[in-house]
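I have placed the structure first, in the form of structure tokens, so that the comments after it can refer back to it.
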Amino acid sequence: MITSKILANGILRAIGTLILTSLLLYFLYQIQNVLIYVLVSLILTLIGIPVLEFFKKRLKFKHTIATIVVLTLYISIIFGFMLLFIPLIISQGQNLSLLNTVEIEKNSLELIKQINTFLEHHHIDSKEVFNVKNFKSAINFDIIPNFLNSVIGTISNFGMGLGSVLFITFFFLKDKSLFLNGAKLLIPDSHEEKILNSLDKINLLLSRYFIGLLLQLFIVFILYTIVLSIFGIPNVFVIAFLCAVLNIIPYIGPLIASILAAILTMISNLGSDFQSEILPTTIYVLIGFWIVQLIDNNLSQPIIFSKSVSSHPLEIFLVILIAGFSFGILGMIIAIPLYTIIKVICKEFFPDNEFIQLITKNI
């Protein structure tokens with residue numbers, strides 16, 4: 001029989017649990033930057049472990065020396081990108097009119113006028129779609145400087161974030177066995193073997209995945225650079241890099257990259273004849289980008305997604321689609337790593353389940 005005392009205790013426990021949960025969520029929200037640093041460090045650790053093992057086994061480096069070498073490689077790559085892109089952005093910033101709102105508006109309106117002229121020449125009524133006055137009232141060009149200010153603010157914090165990430169990554173690599181032994185103390189003995197096996201497989205699969213993803217982005221970057229260089233587009237490396245990074249977002253990223261490339265191509269050719277120069281060049285660039293995507297979709301992605309995480313392409317597509325509808329772009333980005341972790345854990349703890357056996361037969 002439920003008494004008033006039992007009911008009151010139950011209510012108090014529920015309220016206490018709710019308060020503790022709220023405080024925990026608030027605490028996690030307050031330290032979100034630290035959590036991001038740890039997450040990035042874990043990714044860098046997973047990428048660095050195979051390199052670390054190569055230095056130790058093949059080149060006979062001591063563990064600490066191998067860790068320092070791996071970290072030095074990371075620093076060299078990061079600063080190499082900075083040395084490559086920062087001067088380009090500074091020197092070409094004026095050409096792109098990134099900080100001049102009036103120039104951005106002027107170039108955009110000029111582009112709209114040229115499109116209207118082209119459509120009217122072909123007897124197409126464009127007044128409703130490409131009305132200059134409506135365009136000026138609908139677009140707030142002050143968004144661009146505001147956005148850039150936020151980017152500059154982010155860059156100003158980049159140094160501290162980079163130092164924190166590299167510091168954490170160093171100790172994740174150096175003291176990997178120490179962290180593993182500490183985790184063993186927290187794991188119940190009955191599940192220790194299964195959990196440790198899961199961690200080993202997750203580490204292997206995600207290491208392969210992130211290394212493969214970096215290789216994919218590098219290949220796409222090179223191909224984008226070739227396409228843009230062929231047609232003489234300014235700021236080749238910057239645009240190719242931005243478009244390649246967008247490929248991290250499955251399916252949607254390449255579409256955004258194509259639109260970005262088309263817009264920058266048209267703006268960079270302002271002053272030329274729209275029909276004979278701007279439009280054909282933009283179409284050729286788009287065709288080049290679509291060819292790159294065909295190569296990527298039929299060569300790079302199947303190797304990375306199917307081989308590295310041992311999943312069928314249709315399986316990967318459905319997982320990304322569900323994650324995208326449920327959690328948006330962030331869900332699409334983390335879908336494959338998270339799905340891989342879930343599959344490995346399910347295989348270890350539910351090996352006799354027929355459905356689990358079906359989806360994990362290659363792991």
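Ordered as shown in the structure tokens, chains take letters A, B, and onward, while each chain numbers its residues from 1 and ligands are numbered from 1 in the order shown.
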At a cut-off of 12 Å, can you tabulate as a tab-separated table every residue of region 215-235 of chain A near region 250-266 of chain A together with its closest atom pair and the distance in Å to one decimal, using only C-alpha atoms and ordering rows by chain then number?
residue	atom	partner	partner_atom	distance
A:Leu217	CA	A:Pro254	CA	11.4
A:Val220	CA	A:Pro254	CA	10.2
A:Phe221	CA	A:Ala257	CA	11.4
A:Tyr224	CA	A:Ala261	CA	9.7
A:Thr225	CA	A:Ala261	CA	11.3
A:Val227	CA	A:Ala261	CA	10.6
A:Leu228	CA	A:Ala261	CA	8.8
A:Ser229	CA	A:Thr265	CA	11.5
A:Phe231	CA	A:Thr265	CA	9.3
A:Gly232	CA	A:Thr265	CA	9.4
A:Ile233	CA	A:Thr265	CA	6.4
A:Pro234	CA	A:Thr265	CA	8.3
A:Asn235	CA	A:Leu264	CA	9.6
TODO: Identify, on the basis of only C-alpha atoms, every residue whose closest approach to region 309-326 of chain A does not exceed 9 Å; exclude the query and any residue fewer than 2 positions from it along the same chain; express the result as a VMD selection string.
DONE: chain A and resid 205 to 206 208 to 209 250 301 to 302 304 to 307 328 to 337 339 to 340 359 to 363
Output file for the residues above (N, CA and C atoms, as a short mmCIF file (atom, residue, chain, number, x, y, z; two decimals), in the first residue's frame):
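Final file, out15.cif:
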data_model
loop_
_atom_site.label_atom_id
_atom_site.label_comp_id
_atom_site.auth_asym_id
_atom_site.auth_seq_id
_atom_site.Cartn_x
_atom_site.Cartn_y
_atom_site.Cartn_z
N LEU A 205 38.45 0.85 -36.52
CA LEU A 205 37.54 1.27 -37.58
C LEU A 205 37.51 2.79 -37.73
N LEU A 206 37.46 3.51 -36.60
CA LEU A 206 37.39 4.96 -36.69
C LEU A 206 38.71 5.55 -37.15
N ARG A 208 40.70 4.15 -39.33
CA ARG A 208 40.64 3.97 -40.78
C ARG A 208 39.68 4.95 -41.41
N TYR A 209 38.56 5.21 -40.75
CA TYR A 209 37.56 6.12 -41.32
C TYR A 209 38.09 7.54 -41.43
N PRO A 250 27.74 15.00 -45.94
CA PRO A 250 27.36 14.07 -47.02
C PRO A 250 26.19 14.60 -47.84
N GLN A 301 34.32 7.68 -52.04
CA GLN A 301 33.37 7.40 -50.96
C GLN A 301 33.11 5.91 -50.74
N PRO A 302 32.90 5.09 -51.81
CA PRO A 302 32.68 3.66 -51.55
C PRO A 302 33.85 3.01 -50.82
N ILE A 304 36.02 4.53 -48.75
CA ILE A 304 36.10 5.03 -47.38
C ILE A 304 34.96 4.48 -46.53
N PHE A 305 33.72 4.67 -47.00
CA PHE A 305 32.57 4.32 -46.18
C PHE A 305 32.33 2.81 -46.10
N SER A 306 32.60 2.11 -47.20
CA SER A 306 32.33 0.68 -47.20
C SER A 306 33.49 -0.11 -46.60
N LYS A 307 34.70 0.21 -47.02
CA LYS A 307 35.87 -0.55 -46.56
C LYS A 307 36.29 -0.17 -45.15
N GLY A 328 19.61 17.09 -38.42
CA GLY A 328 20.14 18.12 -39.32
C GLY A 328 21.54 17.81 -39.81
N ILE A 329 22.26 18.87 -40.18
CA ILE A 329 23.58 18.72 -40.78
C ILE A 329 24.57 18.07 -39.82
N LEU A 330 24.52 18.48 -38.54
CA LEU A 330 25.43 17.87 -37.55
C LEU A 330 25.22 16.37 -37.48
N GLY A 331 23.96 15.94 -37.54
CA GLY A 331 23.66 14.52 -37.51
C GLY A 331 24.26 13.78 -38.69
N MET A 332 24.23 14.42 -39.87
CA MET A 332 24.80 13.80 -41.07
C MET A 332 26.31 13.63 -40.94
N ILE A 333 26.96 14.61 -40.30
CA ILE A 333 28.42 14.57 -40.17
C ILE A 333 28.85 13.45 -39.22
N ILE A 334 28.14 13.30 -38.10
CA ILE A 334 28.56 12.31 -37.09
C ILE A 334 27.87 10.96 -37.26
N ALA A 335 27.02 10.82 -38.28
CA ALA A 335 26.22 9.60 -38.43
C ALA A 335 27.08 8.36 -38.57
N ILE A 336 28.06 8.38 -39.46
CA ILE A 336 28.85 7.18 -39.74
C ILE A 336 29.72 6.77 -38.55
N PRO A 337 30.49 7.71 -37.93
CA PRO A 337 31.26 7.29 -36.75
C PRO A 337 30.38 6.74 -35.63
N TYR A 339 27.33 5.44 -35.84
CA TYR A 339 26.74 4.17 -36.26
C TYR A 339 27.75 3.04 -36.14
N THR A 340 28.99 3.33 -36.48
CA THR A 340 30.05 2.32 -36.37
C THR A 340 30.24 1.89 -34.92
N ILE A 359 24.08 -7.24 -39.96
CA ILE A 359 24.67 -5.91 -40.23
C ILE A 359 26.13 -5.82 -39.77
N THR A 360 26.59 -6.82 -39.02
CA THR A 360 27.98 -6.76 -38.51
C THR A 360 28.82 -7.91 -39.02
N LYS A 361 28.40 -8.57 -40.09
CA LYS A 361 29.12 -9.78 -40.55
C LYS A 361 30.53 -9.46 -41.05
N ASN A 362 30.76 -8.20 -41.47
CA ASN A 362 32.08 -7.84 -42.01
C ASN A 362 33.01 -7.22 -40.96
N ILE A 363 32.51 -7.06 -39.74
CA ILE A 363 33.33 -6.45 -38.69
C ILE A 363 34.15 -7.52 -37.97
#
Counting only C-alpha atoms, which residues of region 18-64 of chain A fall within 12 Å of region 195-204 of chain A, and what is the closest atom pair for each with its distance in Å at one decimal, ordered by chain and rising number, as a Markdown table?
| residue | atom | partner | partner_atom | distance |
| --- | --- | --- | --- | --- |
| A:Leu42 | CA | A:Asn203 | CA | 10.1 |
| A:Ile43 | CA | A:Asn203 | CA | 10.0 |
| A:Leu44 | CA | A:Asn203 | CA | 11.7 |
| A:Thr45 | CA | A:Asn203 | CA | 9.5 |
| A:Leu46 | CA | A:Asn203 | CA | 6.5 |
| A:Ile47 | CA | A:Asn203 | CA | 9.4 |
| A:Gly48 | CA | A:Asn203 | CA | 11.0 |
| A:Ile49 | CA | A:Asn203 | CA | 8.9 |
| A:Pro50 | CA | A:Leu204 | CA | 8.8 |
All heavy atoms of the current selection, written as a short mmCIF file (atom, residue, chain, number, x, y, z; two decimals), in the first residue's frame:
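Written file, again-v7.cif:
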data_model
loop_
_atom_site.label_atom_id
_atom_site.label_comp_id
_atom_site.auth_asym_id
_atom_site.auth_seq_id
_atom_site.Cartn_x
_atom_site.Cartn_y
_atom_site.Cartn_z
N LEU A 42 40.36 13.57 -29.58
CA LEU A 42 40.11 12.14 -29.77
C LEU A 42 40.21 11.76 -31.24
O LEU A 42 40.77 10.72 -31.60
CB LEU A 42 38.73 11.77 -29.21
CG LEU A 42 38.62 11.66 -27.69
CD1 LEU A 42 37.17 11.48 -27.28
CD2 LEU A 42 39.47 10.50 -27.17
N ILE A 43 39.65 12.62 -32.11
CA ILE A 43 39.72 12.35 -33.55
C ILE A 43 41.17 12.37 -34.02
O ILE A 43 41.62 11.48 -34.76
CB ILE A 43 38.89 13.39 -34.33
CG1 ILE A 43 37.39 13.20 -34.02
CG2 ILE A 43 39.13 13.28 -35.83
CD1 ILE A 43 36.50 14.28 -34.61
N LEU A 44 41.94 13.38 -33.58
CA LEU A 44 43.36 13.45 -33.95
C LEU A 44 44.13 12.26 -33.39
O LEU A 44 45.06 11.76 -34.03
CB LEU A 44 43.97 14.76 -33.43
CG LEU A 44 43.49 16.05 -34.10
CD1 LEU A 44 44.13 17.26 -33.44
CD2 LEU A 44 43.80 16.03 -35.59
N THR A 45 43.74 11.80 -32.22
CA THR A 45 44.39 10.62 -31.63
C THR A 45 44.13 9.38 -32.46
O THR A 45 45.03 8.59 -32.73
CB THR A 45 43.90 10.41 -30.18
OG1 THR A 45 44.17 11.57 -29.40
CG2 THR A 45 44.58 9.21 -29.54
N LEU A 46 42.87 9.21 -32.87
CA LEU A 46 42.52 8.05 -33.69
C LEU A 46 43.27 8.07 -35.02
O LEU A 46 43.69 7.03 -35.52
CB LEU A 46 41.00 8.04 -33.94
CG LEU A 46 40.13 7.71 -32.73
CD1 LEU A 46 38.66 7.94 -33.05
CD2 LEU A 46 40.35 6.27 -32.29
N ILE A 47 43.43 9.28 -35.60
CA ILE A 47 44.19 9.39 -36.84
C ILE A 47 45.66 9.14 -36.60
O ILE A 47 46.35 8.53 -37.44
CB ILE A 47 43.99 10.80 -37.46
CG1 ILE A 47 42.51 10.99 -37.85
CG2 ILE A 47 44.89 11.01 -38.67
CD1 ILE A 47 42.18 12.42 -38.27
N GLY A 48 46.16 9.58 -35.45
CA GLY A 48 47.59 9.50 -35.17
C GLY A 48 48.08 8.15 -34.70
O GLY A 48 49.27 7.85 -34.82
N ILE A 49 47.19 7.32 -34.16
CA ILE A 49 47.63 6.03 -33.61
C ILE A 49 48.32 5.15 -34.65
O ILE A 49 49.39 4.59 -34.38
CB ILE A 49 46.44 5.30 -32.95
CG1 ILE A 49 46.10 5.96 -31.60
CG2 ILE A 49 46.75 3.82 -32.74
CD1 ILE A 49 44.87 5.41 -30.93
N PRO A 50 47.75 4.98 -35.87
CA PRO A 50 48.47 4.15 -36.87
C PRO A 50 49.85 4.72 -37.22
O PRO A 50 50.81 3.96 -37.42
CB PRO A 50 47.54 4.18 -38.09
CG PRO A 50 46.19 4.50 -37.55
CD PRO A 50 46.44 5.41 -36.39
#
Mind checking which residues fall within 10 Å of region 74-83 of chain A, counting only C-alpha atoms, ignoring those fewer than 6 positions away in the same chain, and posting them as a PDB file with C-alpha atoms, in the first residue's frame?
ATOM      1  CA  LEU A  44      43.358  13.454 -33.945  1.00  0.00           C
ATOM      2  CA  GLY A  48      47.593   9.503 -35.173  1.00  0.00           C
ATOM      3  CA  ILE A  68      56.431  14.011 -30.313  1.00  0.00           C
ATOM      4  CA  LEU A 162      44.714  24.889 -31.085  1.00  0.00           C
ATOM      5  CA  GLY A 163      47.119  24.860 -28.140  1.00  0.00           C
ATOM      6  CA  LEU A 166      47.433  19.720 -29.289  1.00  0.00           C
ATOM      7  CA  PHE A 241      39.724  24.349 -50.019  1.00  0.00           C
TER       8      PHE A 241
END
Open item on the list: Need the shell around Leu52 (chain A): protein/DNA/RNA residues with any atom at most 12 Å away, counting only C-alpha atoms. Skip same-chain ones fewer than 2 positions apart. Format as a ChimeraX atom specification?
Closed with: /A:44-50,54-73,170,172-174,176,207
Open item on the list: Considering only C-alpha atoms, can you say which of A:Leu214, A:Leu35, A:Leu338, A:Val40 comes closest to Val245 (chain A)?
Closed with: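 Closest residue, counting only C-alpha atoms: A:Leu214.
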Task: Separation of CA of Ile303 (chain A) from CA of Asp352 (chain A), in Å and rounded to one decimal - done: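 A separation of 28.8 Å between them.
Taking only C-alpha atoms, the non-local environment of Leu223 (chain A) within 10 Å (same-chain residues fewer than 3 positions away omitted) comprises A:Leu217, A:Phe218, A:Ile219, A:Val220, A:Ile226, A:Val227, A:Leu228, A:Ser229, A:Ala240, A:Ala244, A:Gly288, A:Phe289, A:Ile291, A:Val292, A:Gln293, A:Ile295, A:Asp296.
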- [ ] One decimal, Å: what's the distance from CA of Tyr37 (chain A) over to CA of Val165 (chain A), could you say?
- [x] 5.3 Å
Task: Computed interatomic separation between CA of Glu53 (chain A) and CA of Lys343 (chain A) (Å) - done: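 Separating CA of Glu53 (chain A) from CA of Lys343 (chain A) is a distance of 25.5 Å.
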- [ ] Determine which residues of region 237-323 of chain A receive a DSSP assignment of alpha helix (DSSP H), computed from the backbone, and state them as a VMD selection string.
- [x] chain A and resid 237 to 246 252 to 268 279 to 295 301 313 to 323
